[in-house]
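See below for input_16.cif, which holds mmCIF, C-alpha atoms, pLDDT in the B column; chains and numbers go by the auth columns.
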```cif
data_work
#
loop_
_atom_site.group_PDB
_atom_site.id
_atom_site.type_symbol
_atom_site.label_atom_id
_atom_site.label_comp_id
_atom_site.label_asym_id
_atom_site.label_seq_id
_atom_site.Cartn_x
_atom_site.Cartn_y
_atom_site.Cartn_z
_atom_site.B_iso_or_equiv
_atom_site.auth_seq_id
_atom_site.auth_asym_id
ATOM 1 C CA MET A 1 -2.852 -21.485 -11.277 47.00 273 A
ATOM 2 C CA ASP A 2 -1.700 -18.194 -12.716 52.00 274 A
ATOM 3 C CA VAL A 3 -3.559 -14.920 -12.414 50.00 275 A
ATOM 4 C CA HIS A 4 -4.749 -14.859 -16.045 53.00 276 A
ATOM 5 C CA ASN A 5 -6.482 -18.249 -15.806 55.00 277 A
ATOM 6 C CA ALA A 6 -7.956 -17.388 -12.420 51.00 278 A
ATOM 7 C CA PHE A 7 -9.651 -14.288 -13.809 50.00 279 A
ATOM 8 C CA LEU A 8 -10.737 -16.088 -16.985 56.00 280 A
ATOM 9 C CA HIS A 9 -12.413 -18.916 -15.103 53.00 281 A
ATOM 10 C CA GLY A 10 -13.638 -16.795 -12.189 54.00 282 A
ATOM 11 C CA ASP A 11 -11.907 -19.073 -9.686 52.00 283 A
ATOM 12 C CA LEU A 12 -10.313 -16.620 -7.291 51.00 284 A
ATOM 13 C CA SER A 13 -10.518 -18.853 -4.233 52.00 285 A
ATOM 14 C CA LYS A 14 -7.345 -20.718 -5.233 49.00 286 A
ATOM 15 C CA GLU A 15 -3.860 -19.427 -4.573 53.00 287 A
ATOM 16 C CA ILE A 16 -2.675 -17.231 -7.426 50.00 288 A
ATOM 17 C CA ASN A 17 1.010 -17.057 -8.318 53.00 289 A
ATOM 18 C CA MET A 18 1.896 -13.752 -9.903 54.00 290 A
ATOM 19 C CA LYS A 19 5.297 -13.044 -11.341 57.00 291 A
ATOM 20 C CA LEU A 20 6.584 -9.807 -9.850 55.00 292 A
ATOM 21 C CA PRO A 21 8.605 -7.529 -12.115 55.00 293 A
ATOM 22 C CA SER A 22 12.265 -7.103 -11.344 55.00 294 A
ATOM 23 C CA GLY A 23 12.872 -4.211 -9.003 51.00 295 A
ATOM 24 C CA PHE A 24 9.409 -4.657 -7.468 51.00 296 A
ATOM 25 C CA ASN A 25 10.391 -3.176 -4.131 50.00 297 A
ATOM 26 C CA LYS A 26 9.529 0.376 -5.222 47.00 298 A
ATOM 27 C CA MET A 27 9.219 1.568 -1.657 52.00 299 A
ATOM 28 C CA GLU A 28 9.422 -0.589 1.394 52.00 300 A
ATOM 29 C CA GLN A 29 6.196 -0.863 3.326 51.00 301 A
ATOM 30 C CA ASN A 30 5.962 1.124 6.536 49.00 302 A
ATOM 31 C CA GLN A 31 8.950 3.215 5.553 61.00 303 A
ATOM 32 C CA ARG A 32 8.841 6.396 7.657 70.00 304 A
ATOM 33 C CA LEU A 33 10.019 9.007 5.186 73.00 305 A
ATOM 34 C CA ALA A 34 8.167 11.895 6.804 71.00 306 A
ATOM 35 C CA HIS A 35 10.069 11.351 10.075 70.00 307 A
ATOM 36 C CA SER A 36 13.451 10.862 8.452 74.00 308 A
ATOM 37 C CA THR A 37 16.486 12.003 10.426 77.00 309 A
ATOM 38 C CA SER A 38 18.950 11.621 7.576 80.00 310 A
ATOM 39 C CA VAL A 39 21.090 14.464 6.300 84.00 311 A
ATOM 40 C CA PRO A 40 19.192 17.175 4.369 84.00 312 A
ATOM 41 C CA MET A 41 20.156 17.479 0.719 84.00 313 A
ATOM 42 C CA LYS A 42 22.371 20.471 -0.046 89.00 314 A
ATOM 43 C CA ASN A 43 20.512 21.197 -3.241 87.00 315 A
ATOM 44 C CA GLY A 44 16.936 19.901 -3.337 89.00 316 A
ATOM 45 C CA LYS A 45 16.448 21.014 -6.931 92.00 317 A
ATOM 46 C CA ARG A 46 17.420 17.579 -8.319 92.00 318 A
ATOM 47 C CA TYR A 47 14.931 15.860 -6.006 91.00 319 A
ATOM 48 C CA ARG A 48 12.112 18.260 -6.893 93.00 320 A
ATOM 49 C CA ARG A 49 12.824 17.904 -10.603 93.00 321 A
ATOM 50 C CA LEU A 50 12.843 14.091 -10.485 93.00 322 A
ATOM 51 C CA VAL A 51 9.652 13.930 -8.405 93.00 323 A
ATOM 52 C CA GLY A 52 8.021 16.336 -10.873 92.00 324 A
ATOM 53 C CA ARG A 53 8.856 13.993 -13.726 92.00 325 A
ATOM 54 C CA LEU A 54 7.533 11.039 -11.755 92.00 326 A
ATOM 55 C CA LEU A 55 4.300 12.963 -11.122 92.00 327 A
ATOM 56 C CA TYR A 56 3.883 13.313 -14.871 89.00 328 A
ATOM 57 C CA LEU A 57 4.552 9.596 -15.360 88.00 329 A
ATOM 58 C CA SER A 58 2.021 8.650 -12.685 88.00 330 A
ATOM 59 C CA PHE A 59 -0.773 9.730 -15.067 85.00 331 A
ATOM 60 C CA ILE A 60 0.126 6.973 -17.507 84.00 332 A
ATOM 61 C CA ARG A 61 1.554 4.574 -14.907 85.00 333 A
ATOM 62 C CA PRO A 62 -1.077 4.172 -12.172 84.00 334 A
ATOM 63 C CA ASP A 63 1.165 1.701 -10.348 84.00 335 A
ATOM 64 C CA LEU A 64 3.381 4.647 -9.386 86.00 336 A
ATOM 65 C CA SER A 65 0.671 6.917 -8.013 87.00 337 A
ATOM 66 C CA PHE A 66 0.927 6.048 -4.304 87.00 338 A
ATOM 67 C CA ASP A 67 4.711 6.136 -4.136 88.00 339 A
ATOM 68 C CA VAL A 68 4.943 9.387 -6.077 90.00 340 A
ATOM 69 C CA HIS A 69 2.240 10.913 -3.885 90.00 341 A
ATOM 70 C CA VAL A 70 4.279 10.113 -0.767 88.00 342 A
ATOM 71 C CA LEU A 71 7.462 11.495 -2.326 90.00 343 A
ATOM 72 C CA SER A 72 5.728 14.671 -3.479 90.00 344 A
ATOM 73 C CA ARG A 73 4.647 15.447 0.082 88.00 345 A
ATOM 74 C CA LEU A 74 8.325 15.744 1.027 87.00 346 A
ATOM 75 C CA LEU A 75 9.331 18.453 -1.447 87.00 347 A
ATOM 76 C CA HIS A 76 9.714 21.179 1.175 87.00 348 A
ATOM 77 C CA GLU A 77 12.793 19.638 2.843 87.00 349 A
ATOM 78 C CA PRO A 78 14.260 16.744 0.856 89.00 350 A
ATOM 79 C CA ARG A 79 16.666 14.448 2.683 89.00 351 A
ATOM 80 C CA LEU A 80 18.985 11.676 1.527 90.00 352 A
ATOM 81 C CA ASP A 81 16.450 9.000 2.547 88.00 353 A
ATOM 82 C CA HIS A 82 13.898 10.670 0.293 87.00 354 A
ATOM 83 C CA TRP A 83 16.364 10.678 -2.599 90.00 355 A
ATOM 84 C CA THR A 84 17.124 6.987 -2.036 89.00 356 A
ATOM 85 C CA ALA A 85 13.402 6.132 -2.056 88.00 357 A
ATOM 86 C CA THR A 86 12.981 8.119 -5.277 90.00 358 A
ATOM 87 C CA LEU A 87 15.804 6.158 -6.893 91.00 359 A
ATOM 88 C CA HIS A 88 14.030 2.917 -5.892 89.00 360 A
ATOM 89 C CA VAL A 89 11.023 4.060 -7.934 89.00 361 A
ATOM 90 C CA VAL A 90 13.301 4.806 -10.899 89.00 362 A
ATOM 91 C CA LYS A 91 14.856 1.330 -10.605 89.00 363 A
ATOM 92 C CA TYR A 92 11.352 -0.160 -10.598 87.00 364 A
ATOM 93 C CA LEU A 93 10.568 1.755 -13.802 86.00 365 A
ATOM 94 C CA LYS A 94 13.708 0.443 -15.461 86.00 366 A
ATOM 95 C CA GLY A 95 12.729 -3.108 -14.459 83.00 367 A
ATOM 96 C CA CYS A 96 9.338 -3.058 -16.181 81.00 368 A
ATOM 97 C CA PRO A 97 9.426 -1.008 -19.400 77.00 369 A
ATOM 98 C CA GLY A 98 6.539 -1.010 -21.825 76.00 370 A
ATOM 99 C CA GLN A 99 3.787 -0.930 -19.234 77.00 371 A
ATOM 100 C CA GLY A 100 1.327 1.878 -18.832 74.00 372 A
ATOM 101 C CA ILE A 101 -1.596 3.547 -20.531 73.00 373 A
ATOM 102 C CA LEU A 102 -1.254 4.824 -24.076 71.00 374 A
ATOM 103 C CA LEU A 103 -2.943 8.192 -24.483 68.00 375 A
ATOM 104 C CA LYS A 104 -3.337 9.065 -28.149 71.00 376 A
ATOM 105 C CA VAL A 105 -3.784 12.660 -29.273 74.00 377 A
ATOM 106 C CA GLN A 106 -6.729 11.916 -31.565 76.00 378 A
ATOM 107 C CA SER A 107 -8.656 9.799 -29.045 63.00 379 A
ATOM 108 C CA SER A 108 -12.432 9.872 -28.623 69.00 380 A
ATOM 109 C CA LEU A 109 -11.958 9.183 -24.886 66.00 381 A
ATOM 110 C CA LEU A 110 -14.083 6.014 -25.007 69.00 382 A
ATOM 111 C CA LEU A 111 -12.851 3.037 -23.031 66.00 383 A
ATOM 112 C CA THR A 112 -13.070 -0.249 -24.859 69.00 384 A
ATOM 113 C CA GLY A 113 -11.857 -3.595 -23.713 66.00 385 A
#
```
Target format structure tokens, applied to this file:
Amino acid sequence: MDVHNAFLHGDLSKEINMKLPSGFNKMEQNQRLAHSTSVPMKNGKRYRRLVGRLLYLSFIRPDLSFDVHVLSRLLHEPRLDHWTATLHVVKYLKGCPGQGILLKVQSSLLLTG
């Protein structure tokens, strides 16, 4: 049973097979970025700029919010491990284009579904 039929029929007790988007491993679980001992980046400006752009994207892509939050906590001393984790998030974005929330300028801010 796929996830769409399970939610339609209310039968969530069965095993649900969801197709993961390519590049799903945004950040590995239990990855200890805060305690990284890798080499500090010579110029952290690139890291800060990319994380800033990802912060903006996290408003329309809620699936990024946790990963970007973790990466944004490391802005004070970016290291190569942090940069690698940030590139994993970018690869995830490239693997699943067209997803997200569309925010129109002339919206009445009413949720309909």
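Atom pair atom CA of Gly316 of chain A / atom CA of Arg304 of chain A has a distance of 19.2 Å (rounded to one decimal).
Across A:His348, A:His354, A:Lys317, A:Arg333, the tightest approach to Leu305 of chain A is made by A:His354 when counting all atoms listed in the file.
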Could you tell me how far atom CA of Gly367 of chain A lies from atom CA of Tyr328 of chain A, in Å and to one decimal?
18.7 Å
Can you tell me, as a list in words, what residues are no more than 9 Å from Ile373 of chain A when counting all atoms listed in the file, ignoring any on the same chain fewer than 5 positions away?
Phe331, Ile332, Arg333 and Pro334 of chain A
Could you list, as a PDB file with C-alpha atoms, in the frame of the given file, every residue within 9 Å of segment 320-325 of chain A, counting all atoms listed in the file and ignoring same-chain residues fewer than 6 positions away?
```
ATOM      1  CA  VAL A 340       4.943   9.387  -6.077  1.00 90.00           C
ATOM      2  CA  LEU A 343       7.462  11.495  -2.326  1.00 90.00           C
ATOM      3  CA  SER A 344       5.728  14.671  -3.479  1.00 90.00           C
ATOM      4  CA  LEU A 347       9.331  18.453  -1.447  1.00 87.00           C
ATOM      5  CA  HIS A 348       9.714  21.179   1.175  1.00 87.00           C
ATOM      6  CA  PRO A 350      14.260  16.744   0.856  1.00 89.00           C
ATOM      7  CA  THR A 358      12.981   8.119  -5.277  1.00 90.00           C
TER       8      THR A 358
END
```
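The spacing separating atom CA of Pro369 of chain A from atom CA of Arg318 of chain A amounts to 23.1 Å.
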Would you kindly place N, CA and C atoms on segment 356-378 of chain A and return the model as a short mmCIF file (atom, residue, chain, number, x, y, z; two decimals), keeping the file's coordinate frame?
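Once everything was written out, this is part10.cif:
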```cif
data_model
loop_
_atom_site.label_atom_id
_atom_site.label_comp_id
_atom_site.auth_asym_id
_atom_site.auth_seq_id
_atom_site.Cartn_x
_atom_site.Cartn_y
_atom_site.Cartn_z
N THR A 356 16.94 8.43 -1.86
CA THR A 356 17.12 6.99 -2.04
C THR A 356 15.80 6.31 -2.40
N ALA A 357 14.71 6.70 -1.74
CA ALA A 357 13.40 6.13 -2.06
C ALA A 357 12.98 6.49 -3.48
N THR A 358 13.31 7.70 -3.92
CA THR A 358 12.98 8.12 -5.28
C THR A 358 13.76 7.28 -6.29
N LEU A 359 15.00 7.00 -5.99
CA LEU A 359 15.80 6.16 -6.89
C LEU A 359 15.27 4.73 -6.95
N HIS A 360 14.67 4.24 -5.86
CA HIS A 360 14.03 2.92 -5.89
C HIS A 360 12.88 2.90 -6.90
N VAL A 361 12.12 3.98 -6.96
CA VAL A 361 11.02 4.06 -7.93
C VAL A 361 11.58 4.06 -9.35
N VAL A 362 12.68 4.78 -9.57
CA VAL A 362 13.30 4.81 -10.90
C VAL A 362 13.81 3.42 -11.27
N LYS A 363 14.39 2.70 -10.33
CA LYS A 363 14.86 1.33 -10.60
C LYS A 363 13.68 0.42 -10.95
N TYR A 364 12.55 0.61 -10.27
CA TYR A 364 11.35 -0.16 -10.60
C TYR A 364 10.91 0.12 -12.04
N LEU A 365 10.95 1.39 -12.44
CA LEU A 365 10.57 1.76 -13.80
C LEU A 365 11.48 1.10 -14.83
N LYS A 366 12.76 1.06 -14.53
CA LYS A 366 13.71 0.44 -15.46
C LYS A 366 13.48 -1.06 -15.55
N GLY A 367 12.95 -1.67 -14.48
CA GLY A 367 12.73 -3.11 -14.46
C GLY A 367 11.49 -3.56 -15.20
N CYS A 368 10.58 -2.65 -15.49
CA CYS A 368 9.34 -3.06 -16.18
C CYS A 368 8.96 -2.04 -17.26
N PRO A 369 9.75 -1.96 -18.32
CA PRO A 369 9.43 -1.01 -19.40
C PRO A 369 8.24 -1.52 -20.22
N GLY A 370 7.61 -0.61 -20.92
CA GLY A 370 6.54 -1.01 -21.82
C GLY A 370 5.19 -1.16 -21.16
N GLN A 371 5.08 -0.85 -19.90
CA GLN A 371 3.79 -0.93 -19.23
C GLN A 371 3.23 0.47 -19.11
N GLY A 372 1.94 0.57 -19.00
CA GLY A 372 1.33 1.88 -18.83
C GLY A 372 0.13 2.05 -19.74
N ILE A 373 -0.42 3.22 -19.74
CA ILE A 373 -1.60 3.55 -20.53
C ILE A 373 -1.15 4.41 -21.70
N LEU A 374 -1.58 4.05 -22.89
CA LEU A 374 -1.25 4.82 -24.08
C LEU A 374 -2.35 5.86 -24.30
N LEU A 375 -1.99 7.11 -24.25
CA LEU A 375 -2.94 8.19 -24.48
C LEU A 375 -2.67 8.81 -25.85
N LYS A 376 -3.53 8.54 -26.80
CA LYS A 376 -3.34 9.06 -28.15
C LYS A 376 -3.91 10.46 -28.25
N VAL A 377 -3.35 11.28 -29.11
CA VAL A 377 -3.78 12.66 -29.27
C VAL A 377 -5.18 12.71 -29.87
N GLN A 378 -5.46 11.88 -30.84
CA GLN A 378 -6.73 11.92 -31.56
C GLN A 378 -7.70 10.88 -31.00
#
```
